[in-house]
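Dropping work02.tsv in here (TSV, C-alpha atoms and all ligand atoms):
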```tsv
chain	number	residue	atom	x	y	z
A	193	MET	CA	31.82	-15.47	-15.52
A	194	SER	CA	29.20	-17.05	-13.37
A	195	SER	CA	26.86	-19.76	-14.53
A	196	GLU	CA	24.40	-18.69	-11.84
A	197	PRO	CA	21.05	-17.60	-13.30
A	198	SER	CA	20.50	-13.83	-13.17
A	199	ARG	CA	18.96	-12.44	-10.02
A	200	ILE	CA	15.20	-11.91	-10.05
A	201	PHE	CA	14.23	-8.93	-7.93
A	202	TYR	CA	10.88	-9.01	-6.21
A	203	THR	CA	10.10	-5.50	-7.33
A	204	LYS	CA	11.65	-2.48	-8.98
A	205	PRO	CA	10.15	0.47	-10.85
A	206	SER	CA	9.47	0.67	-14.57
A	207	ILE	CA	11.50	3.61	-15.82
A	208	THR	CA	11.57	4.57	-19.51
A	209	GLU	CA	13.23	7.41	-21.42
A	210	ALA	CA	10.03	9.42	-20.82
A	211	GLU	CA	10.65	9.35	-17.05
A	212	VAL	CA	14.33	10.25	-17.54
A	213	ALA	CA	13.39	13.18	-19.82
A	214	ALA	CA	10.77	14.45	-17.35
A	215	ILE	CA	13.18	14.37	-14.41
A	216	THR	CA	15.91	16.03	-16.48
A	217	ALA	CA	13.60	18.81	-17.63
A	218	ALA	CA	12.46	19.48	-14.06
A	219	ALA	CA	16.03	19.52	-12.80
A	220	ARG	CA	16.99	22.01	-15.52
A	221	ASP	CA	13.93	24.29	-15.61
A	222	GLY	CA	11.69	23.52	-12.63
A	223	TRP	CA	12.81	26.38	-10.44
A	224	GLY	CA	11.84	29.97	-9.76
A	225	GLU	CA	8.33	30.67	-10.91
A	226	ARG	CA	8.05	27.07	-12.18
A	227	CYS	CA	9.09	25.47	-8.88
A	228	TYR	CA	5.60	24.04	-8.17
A	229	GLU	CA	4.65	23.25	-11.76
A	230	SER	CA	5.16	19.47	-11.69
A	231	ILE	CA	3.80	19.15	-8.15
A	232	LEU	CA	0.52	20.80	-9.08
A	233	ARG	CA	0.29	18.77	-12.28
A	234	PHE	CA	0.98	15.50	-10.47
A	235	GLU	CA	-1.61	16.30	-7.81
A	236	GLY	CA	-4.18	17.04	-10.52
A	237	LEU	CA	-3.42	13.90	-12.50
A	238	PHE	CA	-3.59	11.69	-9.43
A	239	ARG	CA	-6.72	13.33	-8.05
A	240	ASP	CA	-8.50	12.78	-11.38
A	241	PHE	CA	-7.27	9.19	-11.61
A	242	VAL	CA	-8.51	8.27	-8.13
A	243	GLY	CA	-11.67	10.35	-8.37
A	244	SER	CA	-11.14	12.46	-5.25
A	245	THR	CA	-11.75	16.18	-5.09
A	246	TYR	CA	-8.41	17.12	-3.50
A	247	ALA	CA	-4.90	15.71	-3.57
A	248	LEU	CA	-1.73	16.79	-1.81
A	249	ALA	CA	1.66	15.32	-2.76
A	250	THR	CA	3.84	14.29	0.18
A	251	SER	CA	7.32	12.91	0.78
A	252	SER	CA	5.86	9.54	1.82
A	253	CYS	CA	2.67	7.68	2.56
A	254	THR	CA	3.78	7.64	6.19
A	255	GLY	CA	3.74	11.45	6.15
A	256	ALA	CA	0.34	11.56	4.44
A	257	LEU	CA	-1.10	9.27	7.13
A	258	HIS	CA	0.54	11.28	9.91
A	259	MET	CA	-0.93	14.57	8.69
A	260	GLY	CA	-4.34	13.08	7.89
A	261	LEU	CA	-4.65	11.51	11.33
A	262	ALA	CA	-3.51	14.75	12.95
A	263	ALA	CA	-6.10	16.68	10.94
A	264	LEU	CA	-8.79	14.29	12.16
A	265	GLY	CA	-7.79	15.23	15.69
A	266	VAL	CA	-6.17	11.93	16.67
A	267	GLY	CA	-4.05	12.55	19.75
A	268	PRO	CA	-2.83	11.17	23.06
A	269	GLY	CA	-5.13	8.55	24.58
A	270	ASP	CA	-7.00	7.91	21.34
A	271	GLU	CA	-7.25	4.55	19.60
A	272	VAL	CA	-7.06	3.71	15.90
A	273	ILE	CA	-8.20	0.26	14.77
A	274	LEU	CA	-6.36	-1.61	12.00
A	275	GLY	CA	-5.70	-5.16	10.83
A	276	ASP	CA	-2.86	-7.06	12.48
A	277	ASN	CA	-0.94	-8.14	9.32
A	278	ASN	CA	0.37	-4.86	7.98
A	279	TRP	CA	3.50	-2.93	7.29
A	280	ILE	CA	4.61	-0.87	10.31
A	281	ALA	CA	4.13	2.34	8.29
A	282	SER	CA	0.38	2.08	8.81
A	283	ALA	CA	0.69	1.92	12.61
A	284	ALA	CA	3.70	4.17	13.20
A	285	PRO	CA	1.92	7.51	12.51
A	286	VAL	CA	-0.71	6.57	15.09
A	287	THR	CA	2.03	6.28	17.70
A	288	TYR	CA	3.69	9.55	16.54
A	289	LEU	CA	0.49	11.28	17.69
A	290	GLY	CA	0.55	9.60	21.10
A	291	ALA	CA	-2.41	7.42	20.16
A	292	THR	CA	-2.61	3.63	20.36
A	293	PRO	CA	-2.93	1.30	17.38
A	294	VAL	CA	-5.52	-1.35	18.20
A	295	PHE	CA	-4.95	-4.47	16.12
A	296	VAL	CA	-7.74	-6.81	15.09
A	297	ASP	CA	-7.64	-10.14	13.33
A	298	VAL	CA	-7.87	-10.27	9.54
A	299	LEU	CA	-10.14	-12.21	7.21
A	300	ALA	CA	-8.71	-15.42	5.76
A	301	SER	CA	-10.27	-14.46	2.42
A	302	SER	CA	-8.76	-10.99	1.94
A	303	TRP	CA	-5.97	-10.76	4.56
A	304	CYS	CA	-7.56	-7.38	5.46
A	305	LEU	CA	-9.20	-6.34	8.73
A	306	ASP	CA	-12.31	-8.31	9.75
A	307	PRO	CA	-15.31	-5.93	10.07
A	308	ASP	CA	-16.85	-7.98	12.91
A	309	LYS	CA	-13.60	-7.76	14.86
A	310	VAL	CA	-13.44	-4.03	14.13
A	311	GLU	CA	-16.89	-3.46	15.55
A	312	ALA	CA	-16.05	-5.51	18.65
A	313	ALA	CA	-12.88	-3.44	19.21
A	314	ILE	CA	-14.63	-0.06	19.22
A	315	THR	CA	-14.38	1.81	22.52
A	316	PRO	CA	-15.18	5.38	23.56
A	317	LYS	CA	-11.54	6.19	22.71
A	318	THR	CA	-11.72	4.98	19.08
A	319	ARG	CA	-11.01	7.93	16.79
A	320	ALA	CA	-10.51	6.21	13.42
A	321	ILE	CA	-10.69	2.88	11.61
A	322	MET	CA	-7.78	2.40	9.21
A	323	ALA	CA	-8.59	0.17	6.25
A	324	VAL	CA	-5.32	-1.03	4.69
A	325	HIS	CA	-5.78	-2.66	1.28
A	326	VAL	CA	-3.11	-5.31	1.80
A	327	TYR	CA	-1.15	-6.29	-1.35
A	328	GLY	CA	-3.86	-4.63	-3.49
A	329	ASN	CA	-6.70	-6.68	-1.93
A	330	LEU	CA	-9.70	-4.48	-1.21
A	331	CYS	CA	-11.04	-4.24	2.33
A	332	ASP	CA	-14.78	-4.75	2.84
A	333	LEU	CA	-15.33	-1.01	2.76
A	334	ASP	CA	-19.13	-1.20	2.48
A	335	ARG	CA	-19.31	-2.80	5.90
A	336	LEU	CA	-16.53	-0.72	7.42
A	337	LEU	CA	-18.17	2.53	6.27
A	338	GLU	CA	-21.50	1.33	7.65
A	339	ILE	CA	-19.90	0.48	11.01
A	340	GLY	CA	-18.03	3.78	11.06
A	341	ALA	CA	-21.16	5.77	10.26
A	342	ARG	CA	-23.17	3.98	12.94
A	343	HIS	CA	-20.54	4.78	15.60
A	344	GLY	CA	-19.58	8.22	14.27
A	345	ILE	CA	-16.01	7.11	13.58
A	346	PRO	CA	-14.19	8.06	10.36
A	347	VAL	CA	-12.84	5.25	8.16
A	348	ILE	CA	-9.57	6.09	6.46
A	349	GLU	CA	-7.87	4.16	3.66
A	350	ASP	CA	-4.20	3.27	3.50
A	351	ALA	CA	-4.14	2.59	-0.23
A	352	ALA	CA	-0.33	2.50	-0.49
A	353	GLU	CA	-0.53	-0.92	-2.11
A	354	ALA	CA	-3.75	-0.41	-4.02
A	355	VAL	CA	-3.15	1.77	-7.08
A	356	GLY	CA	-5.46	0.16	-9.67
A	357	SER	CA	-7.71	-1.57	-7.14
A	358	LYS	CA	-11.33	-0.48	-7.50
A	359	TRP	CA	-15.01	-1.28	-7.09
A	360	PHE	CA	-17.51	-1.25	-9.95
A	361	GLY	CA	-20.92	-0.08	-8.80
A	362	PRO	CA	-24.14	1.36	-10.14
A	363	ALA	CA	-22.70	4.84	-9.73
A	364	GLY	CA	-19.56	3.96	-11.69
A	365	GLU	CA	-16.14	2.84	-10.54
A	366	ARG	CA	-14.61	3.89	-7.21
A	367	HIS	CA	-10.89	3.63	-6.68
A	368	ALA	CA	-9.30	2.43	-3.46
A	369	GLY	CA	-8.45	5.50	-1.41
A	370	SER	CA	-11.41	7.57	-2.62
A	371	ARG	CA	-14.15	6.30	-0.32
A	372	GLY	CA	-12.88	6.90	3.20
A	373	ALA	CA	-12.55	10.23	5.01
A	374	PHE	CA	-9.16	10.33	3.33
A	375	GLY	CA	-6.85	8.04	1.42
A	376	ALA	CA	-3.06	7.78	1.49
A	377	PHE	CA	-0.81	6.39	-1.25
A	378	SER	CA	2.89	5.54	-1.49
A	379	PHE	CA	5.23	6.05	-4.42
A	380	HIS	CA	8.18	4.29	-2.84
A	381	GLY	CA	10.34	2.50	-5.39
A	382	THR	CA	8.66	-0.82	-4.66
A	383	LYS	CA	5.13	0.39	-5.34
A	384	THR	CA	3.02	0.27	-8.52
A	385	ILE	CA	4.03	3.79	-9.54
A	386	THR	CA	7.03	5.56	-8.11
A	387	THR	CA	8.57	8.94	-7.43
A	388	GLY	CA	11.58	7.34	-5.69
A	389	GLU	CA	10.15	8.22	-2.32
A	390	GLY	CA	6.79	9.93	-2.17
A	391	GLY	CA	3.14	9.77	-1.29
A	392	MET	CA	-0.24	11.38	-1.78
A	393	PHE	CA	-3.04	12.47	0.54
A	394	VAL	CA	-6.46	12.46	-1.14
A	395	THR	CA	-9.87	13.48	0.17
A	396	SER	CA	-13.17	14.90	-0.99
A	397	ASP	CA	-13.71	16.71	2.34
A	398	ARG	CA	-12.83	20.34	1.80
A	399	ALA	CA	-12.39	21.23	5.47
A	400	LEU	CA	-10.12	18.21	6.06
A	401	TYR	CA	-8.08	19.10	2.97
A	402	GLU	CA	-7.64	22.65	4.20
A	403	ARG	CA	-6.48	21.46	7.61
A	404	VAL	CA	-3.94	19.12	6.00
A	405	LEU	CA	-2.83	21.87	3.61
A	406	THR	CA	-2.10	24.10	6.60
A	407	LEU	CA	-0.32	21.29	8.46
A	408	SER	CA	1.73	20.43	5.35
A	409	ASN	CA	2.87	24.01	5.06
A	410	HIS	CA	4.53	24.13	8.47
A	411	GLY	CA	1.30	25.44	9.95
A	412	ARG	CA	1.02	28.49	7.71
A	413	ILE	CA	-2.67	29.18	7.24
A	414	ALA	CA	-3.83	29.96	3.68
A	415	GLY	CA	-4.44	33.67	3.26
A	416	GLU	CA	-2.03	34.68	6.04
A	417	SER	CA	-0.48	37.89	4.77
A	418	ARG	CA	2.55	37.93	7.08
A	419	GLN	CA	5.58	36.04	5.75
A	420	PHE	CA	6.95	33.22	7.89
A	421	TRP	CA	3.96	33.37	10.22
A	422	PRO	CA	2.75	29.86	11.13
A	423	GLY	CA	-0.56	29.75	12.97
A	424	VAL	CA	-0.03	26.24	14.36
A	425	VAL	CA	2.83	23.74	14.58
A	426	GLY	CA	2.71	21.77	11.34
A	427	PHE	CA	4.80	19.27	9.42
A	428	LYS	CA	7.32	19.17	6.59
A	429	TYR	CA	6.35	16.25	4.38
A	430	LYS	CA	6.61	17.81	0.96
A	431	MET	CA	7.40	16.25	-2.38
A	432	SER	CA	10.00	17.95	-4.55
A	433	ASN	CA	9.17	19.25	-8.02
A	434	ILE	CA	11.72	16.85	-9.53
A	435	GLN	CA	10.07	13.83	-7.89
A	436	ALA	CA	6.66	15.08	-9.03
A	437	ALA	CA	7.95	15.27	-12.62
A	438	LEU	CA	8.74	11.56	-12.33
A	439	GLY	CA	5.26	11.02	-10.92
A	440	CYS	CA	3.66	12.81	-13.90
A	441	ALA	CA	5.59	10.58	-16.32
A	442	GLN	CA	4.42	7.50	-14.39
A	443	MET	CA	0.81	8.74	-14.46
A	444	ALA	CA	1.00	8.95	-18.26
A	445	ARG	CA	1.56	5.16	-18.16
A	446	VAL	CA	-0.48	4.26	-15.07
A	447	ASP	CA	-3.05	2.11	-16.87
A	448	ALA	CA	-0.33	0.18	-18.70
A	449	LEU	CA	1.62	-0.29	-15.44
A	450	ILE	CA	-1.48	-1.70	-13.74
A	451	ASP	CA	-2.15	-3.95	-16.75
A	452	GLN	CA	1.38	-5.35	-16.46
A	453	LYS	CA	0.84	-6.10	-12.76
A	454	ARG	CA	-2.43	-7.84	-13.61
A	455	ALA	CA	-0.88	-9.87	-16.43
A	456	ILE	CA	1.92	-11.03	-14.11
A	457	PHE	CA	-0.62	-12.06	-11.49
A	458	ARG	CA	-2.75	-13.93	-14.05
A	459	ARG	CA	0.28	-15.92	-15.26
A	460	TYR	CA	1.18	-16.93	-11.68
A	461	ALA	CA	-2.42	-17.79	-10.84
A	462	ASP	CA	-2.77	-19.99	-13.93
A	463	ALA	CA	0.56	-21.71	-13.34
A	464	LEU	CA	-0.06	-22.39	-9.63
A	465	ALA	CA	-3.73	-23.43	-9.94
A	466	PRO	CA	-2.85	-27.09	-10.61
A	467	LEU	CA	-1.02	-27.17	-7.25
A	468	ASP	CA	-4.05	-27.99	-5.16
A	469	GLY	CA	-4.06	-25.91	-1.99
A	470	VAL	CA	-2.38	-22.71	-3.18
A	471	THR	CA	-4.58	-19.62	-3.04
A	472	MET	CA	-3.65	-16.17	-4.23
A	473	ASN	CA	-4.95	-12.59	-3.92
A	474	PRO	CA	-8.75	-12.54	-4.28
A	475	GLU	CA	-10.69	-10.45	-6.77
A	476	PRO	CA	-14.35	-10.62	-5.69
A	477	PRO	CA	-17.08	-10.02	-8.29
A	478	GLY	CA	-17.61	-6.31	-8.93
A	479	THR	CA	-14.02	-5.39	-8.14
A	480	GLN	CA	-10.62	-5.11	-9.76
A	481	ASN	CA	-7.45	-5.95	-7.84
A	482	GLY	CA	-4.39	-3.87	-8.80
A	483	TYR	CA	-2.32	-6.90	-7.71
A	484	TRP	CA	0.58	-4.84	-6.40
A	485	MET	CA	2.06	-7.94	-4.80
A	486	PRO	CA	1.06	-11.40	-6.06
A	487	THR	CA	0.98	-13.56	-2.95
A	488	ALA	CA	0.63	-17.31	-2.58
A	489	VAL	CA	-0.93	-18.81	0.55
A	490	PHE	CA	-0.26	-22.52	1.03
A	491	ALA	CA	-2.92	-24.67	2.69
A	492	PRO	CA	-1.68	-26.09	6.03
A	493	SER	CA	-2.11	-29.62	4.62
A	494	LEU	CA	0.67	-28.94	2.06
A	495	GLY	CA	3.26	-28.51	4.82
A	496	VAL	CA	4.99	-25.70	2.91
A	497	THR	CA	6.79	-23.27	5.20
A	498	ARG	CA	8.07	-19.72	4.81
A	499	GLU	CA	11.55	-20.99	5.72
A	500	ALA	CA	11.54	-23.67	3.00
A	501	LEU	CA	10.41	-21.08	0.47
A	502	LEU	CA	13.07	-18.57	1.54
A	503	THR	CA	15.80	-21.19	1.27
A	504	ALA	CA	14.66	-22.41	-2.14
A	505	PHE	CA	14.25	-18.90	-3.55
A	506	ARG	CA	17.70	-17.89	-2.32
A	507	ALA	CA	19.27	-20.97	-3.89
A	508	ALA	CA	17.65	-20.04	-7.22
A	509	ASN	CA	18.88	-16.42	-6.97
A	510	ILE	CA	15.32	-15.12	-6.66
A	511	ASP	CA	14.34	-12.50	-4.08
A	512	GLY	CA	12.08	-13.98	-1.43
A	513	ARG	CA	9.69	-11.77	0.44
A	514	VAL	CA	7.82	-12.96	3.50
A	515	PHE	CA	4.21	-12.13	4.29
A	516	PHE	CA	3.73	-9.29	6.79
A	517	TRP	CA	4.27	-10.39	10.38
A	518	PRO	CA	1.41	-9.61	12.75
A	519	LEU	CA	2.28	-6.11	13.99
A	520	SER	CA	1.28	-7.23	17.49
A	521	SER	CA	4.11	-9.79	17.37
A	522	LEU	CA	6.77	-7.08	16.92
A	523	PRO	CA	8.87	-6.06	19.93
A	524	MET	CA	7.23	-2.64	20.43
A	525	PHE	CA	3.72	-4.10	20.77
A	526	SER	CA	2.14	-6.91	22.82
A	527	PRO	CA	1.54	-10.37	21.35
A	528	GLN	CA	-2.06	-11.22	20.47
A	529	PRO	CA	-1.90	-14.84	19.33
A	530	GLU	CA	-5.68	-15.02	19.72
A	531	HIS	CA	-5.66	-13.40	16.25
A	532	VAL	CA	-5.57	-16.88	14.78
A	533	VAL	CA	-5.81	-15.85	11.13
A	534	ALA	CA	-3.18	-13.12	11.42
A	535	TYR	CA	-0.79	-15.44	13.27
A	536	GLY	CA	-1.54	-18.42	11.04
A	537	LEU	CA	-0.93	-16.81	7.66
A	538	PRO	CA	2.69	-15.57	7.64
A	539	GLY	CA	4.26	-19.00	8.24
A	540	ARG	CA	2.74	-20.41	5.05
A	541	ALA	CA	2.44	-17.41	2.72
A	542	PHE	CA	4.89	-15.75	0.36
A	543	ASN	CA	5.09	-12.74	-1.97
A	544	LEU	CA	6.19	-13.55	-5.51
A	545	PRO	CA	8.41	-11.28	-7.64
A	546	SER	CA	6.25	-8.91	-9.67
A	547	TYR	CA	8.16	-5.98	-11.12
A	548	HIS	CA	6.55	-4.70	-14.31
A	549	ASP	CA	9.22	-5.90	-16.71
A	550	LEU	CA	9.42	-9.42	-15.28
A	551	THR	CA	9.60	-11.77	-18.30
A	552	PRO	CA	7.53	-14.93	-18.78
A	553	ALA	CA	10.79	-16.92	-18.66
A	554	GLU	CA	11.62	-15.37	-15.28
A	555	GLN	CA	8.12	-16.14	-14.03
A	556	ASP	CA	8.59	-19.74	-15.16
A	557	ARG	CA	11.72	-19.89	-12.98
A	558	VAL	CA	9.74	-18.63	-9.99
A	559	VAL	CA	6.92	-21.09	-10.60
A	560	ALA	CA	9.39	-23.98	-10.93
A	561	VAL	CA	10.82	-23.16	-7.49
A	562	VAL	CA	7.35	-23.06	-5.93
A	563	GLU	CA	6.47	-26.38	-7.58
A	564	ARG	CA	9.65	-27.94	-6.23
A	565	VAL	CA	9.00	-26.70	-2.68
A	566	VAL	CA	5.47	-28.10	-2.79
A	567	ALA	CA	6.72	-31.44	-4.15
A	568	ASP	CA	9.48	-31.64	-1.52
A	569	ALA	CA	6.98	-30.90	1.27
A	570	ARG	CA	4.70	-33.63	-0.06
A	571	ALA	CA	7.56	-36.12	-0.22
A	572	ALA	CA	8.65	-35.24	3.31
A	573	ARG	CA	5.15	-35.97	4.55
A	574	GLY	CA	5.09	-39.25	2.66
A	575	ALA	CA	2.08	-38.12	0.70
B	601	LIG	C1	4.62	1.20	1.56
B	601	LIG	C2	3.53	1.33	2.54
B	601	LIG	C3	3.40	2.44	3.39
B	601	LIG	C4	4.46	3.45	3.53
B	601	LIG	O1	4.75	4.14	2.40
B	601	LIG	P1	5.98	5.16	2.46
B	601	LIG	O2	5.77	5.96	1.22
B	601	LIG	O3	7.20	4.30	2.43
B	601	LIG	O4	5.86	5.95	3.70
B	601	LIG	C5	2.28	2.56	4.20
B	601	LIG	N1	1.35	1.61	4.21
B	601	LIG	C6	1.43	0.51	3.44
B	601	LIG	C7	0.32	-0.47	3.49
B	601	LIG	C8	2.52	0.34	2.60
B	601	LIG	O5	2.63	-0.77	1.86
```
Represent the structure from my file as structure tokens, please.
Ligand SMILES: *Cc1c(COP(=O)(O)O)cnc(C)c1O
Amino acid sequence: MSSEPSRIFYTKPSITEAEVAAITAAARDGWGERCYESILRFEGLFRDFVGSTYALATSSCTGALHMGLAALGVGPGDEVILGDNNWIASAAPVTYLGATPVFVDVLASSWCLDPDKVEAAITPKTRAIMAVHVYGNLCDLDRLLEIGARHGIPVIEDAAEAVGSKWFGPAGERHAGSRGAFGAFSFHGTKTITTGEGGMFVTSDRALYERVLTLSNHGRIAGESRQFWPGVVGFKYKMSNIQAALGCAQMARVDALIDQKRAIFRRYADALAPLDGVTMNPEPPGTQNGYWMPTAVFAPSLGVTREALLTAFRAANIDGRVFFWPLSSLPMFSPQPEHVVAYGLPGRAFNLPSYHDLTPAEQDRVVAVVERVVADARAARGA
């Protein structure tokens, strides 16, 4: 027997007997004339939750982005603007279409793309602006939509990390993913709700939805009477009925799952507040952050490094997760160190474990490690 404290994972799904029962029922009965039953139900539940008119379940968020961008007409020679600190899944579909991802610096306050930098990066080749709500933090969509409208460029939302993030306005609440030309979500096992692997395309633009529906169906146009007669070359990014049954069971608990994420964030924020110089995910007035990934950013004056955090977390048997590298720093792109915020953040920022069933005692262990790293850095600097 080991005396080592149990491992704390940074994230894993919340699965109850309800999820197990839903998957089992779909595996037993969800075939034949019922083979789309859970898919259609999941699409309806998610569409109503987000407040979009149309939703299409996909095998991944990557696939949803790929089809949505294709339906917008993004192709070879085109440019799509996005923030530099992001997961590669946001940029990869742009390259699949032969287009170029154009990275811009992010805001120090939200870690999301800087609207001024977006506007400066617009060229005659710009075909879309991709607003990625990093770690649940909302992009400044008011300004991005205004910029997009002024230049005639659609703004799309990668809301993979933003289930539960929303704006409160005079016209009621608007969920992340529901305000752009389309939104894309991920139900990968690390995300706020899961279908194992999976995603969702949402839009309120009927023509765009119909184009994506055709593309998602291997190019078979709705109403085509001939069997196996695609009208265009499409894609195969479908979600299975069994996965969708899991998604329905998660949607029955979606508000509780978001509440758990928010409670975990609140506990971290309260515990780390006394450590002067640690900032976490923002929640500006008039918004709610779904807090998919509680993230601590350490002021440069603290001298805390990603490497020190990784080492300390590993020693405590806690999963450490680094902040997204600037995409432009990856080998397939060209370095843009002039993005001073994007290049300055990852070396002194860290994601904290946040799976739904994380216990207060486990959170205390995480906080204790962070406190120790901060204290050690102070001591090393003779402060
Ligand atoms: C997880 C994630 C994706 C990709 O989701 P998949 O379902 O794994 O394709 C895309 N964008 C962002 C911002 C993500 O966090």
Excluding Ala541 of chain A and any residue of its chain fewer than 2 positions from it, enumerate the residues within 10 Å of it, using all atoms listed in the file, and give them as a list in words.
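Selected residues are Val470, Thr471, Met472, Thr487, Ala488, Val489, Phe490, Ala491, Val496, Thr497, Arg498, Leu501, Arg513, Val514, Phe515, Phe516, Gly536, Leu537, Pro538, Gly539, Asn543 and Leu544 of chain A.
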Contacts of ligand LIG 601 (chain B), 10 Å or closer, only C-alpha atoms and all ligand atoms, given as an MDAnalysis selection string
chainID A and resid 250:258 277:285 323:328 349:354 376:383 386:392 484:485 516
Figure out the distance between atom CA of Asp332 of chain A and atom CA of Glu402 of chain A, please, to one decimal in Å.
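Straight-line distance from atom CA of Glu402 of chain A to atom CA of Asp332 of chain A works out to 28.3 Å.
Taking atom CA of Ala560 of chain A as the reference point, atom CA of Lys453 of chain A is found at 19.9 Å.
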When distances are computed from only C-alpha atoms, which of A:Leu274, A:Ile314, A:Val424, A:Ile348 shows the smallest separation from Phe295 of chain A?
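The closest residue to Phe295 of chain A is A:Leu274.
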Tell me, in Å to one decimal, how far atom CA of Gly439 of chain A is from atom CA of Ser206 of chain A.
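Atom-to-atom, atom CA of Gly439 of chain A to atom CA of Ser206 of chain A, that is 11.8 Å.
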Find the residues around Ala300 of chain A up to 9 Å (all atoms listed in the file counted), leave out those fewer than 5 positions away in its own chain, and share them as an MDAnalysis selection string.
chainID A and resid 306 533:534 537
Please check which residues have atoms at most 12 Å from (6.4, 12.7, 18.1) in the file's coordinates, counting all atoms listed in the file, and write them as a short mmCIF file (atom, residue, chain, number, x, y, z; two decimals) with C-alpha atoms, in the frame of the given file.
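Result file out-v4.cif:
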```
data_model
loop_
_atom_site.label_atom_id
_atom_site.label_comp_id
_atom_site.auth_asym_id
_atom_site.auth_seq_id
_atom_site.Cartn_x
_atom_site.Cartn_y
_atom_site.Cartn_z
CA HIS A 258 0.54 11.28 9.91
CA ALA A 262 -3.51 14.75 12.95
CA GLY A 267 -4.05 12.55 19.75
CA PRO A 268 -2.83 11.17 23.06
CA ALA A 284 3.70 4.17 13.20
CA PRO A 285 1.92 7.51 12.51
CA VAL A 286 -0.71 6.57 15.09
CA THR A 287 2.03 6.28 17.70
CA TYR A 288 3.69 9.55 16.54
CA LEU A 289 0.49 11.28 17.69
CA GLY A 290 0.55 9.60 21.10
CA ALA A 291 -2.41 7.42 20.16
CA GLY A 426 2.71 21.77 11.34
CA PHE A 427 4.80 19.27 9.42
#
```
Shortest interatomic distance to Tyr535 of chain A - which of A:Asp468, A:Asp568, A:Asp334, A:Asp276, counting all atoms listed in the file:
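Comparing A:Asp468, A:Asp568, A:Asp334, A:Asp276 against Tyr535 of chain A, the winner is A:Asp276.
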Using all atoms listed in the file, can you tell me which of A:Arg319, A:Lys204, A:Arg220, A:Arg233 comes closest to Glu271 of chain A?
A:Arg319
Who sits within 12 Å of Arg570 of chain A, all atoms listed in the file, same chain under 2 positions skipped, as an mmCIF file with C-alpha atoms, in the frame of the given file:
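Saved result, result-v1.cif, follows:
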```
data_model
loop_
_atom_site.group_PDB
_atom_site.id
_atom_site.type_symbol
_atom_site.label_atom_id
_atom_site.label_comp_id
_atom_site.auth_asym_id
_atom_site.auth_seq_id
_atom_site.Cartn_x
_atom_site.Cartn_y
_atom_site.Cartn_z
ATOM 1 C CA LEU A 467 -1.020 -27.170 -7.250
ATOM 2 C CA ASP A 468 -4.050 -27.990 -5.160
ATOM 3 C CA GLY A 469 -4.060 -25.910 -1.990
ATOM 4 C CA PRO A 492 -1.680 -26.090 6.030
ATOM 5 C CA SER A 493 -2.110 -29.620 4.620
ATOM 6 C CA LEU A 494 0.670 -28.940 2.060
ATOM 7 C CA GLY A 495 3.260 -28.510 4.820
ATOM 8 C CA VAL A 496 4.990 -25.700 2.910
ATOM 9 C CA THR A 497 6.790 -23.270 5.200
ATOM 10 C CA GLU A 563 6.470 -26.380 -7.580
ATOM 11 C CA ARG A 564 9.650 -27.940 -6.230
ATOM 12 C CA VAL A 565 9.000 -26.700 -2.680
ATOM 13 C CA VAL A 566 5.470 -28.100 -2.790
ATOM 14 C CA ALA A 567 6.720 -31.440 -4.150
ATOM 15 C CA ASP A 568 9.480 -31.640 -1.520
ATOM 16 C CA ALA A 572 8.650 -35.240 3.310
ATOM 17 C CA ARG A 573 5.150 -35.970 4.550
ATOM 18 C CA GLY A 574 5.090 -39.250 2.660
ATOM 19 C CA ALA A 575 2.080 -38.120 0.700
#
```
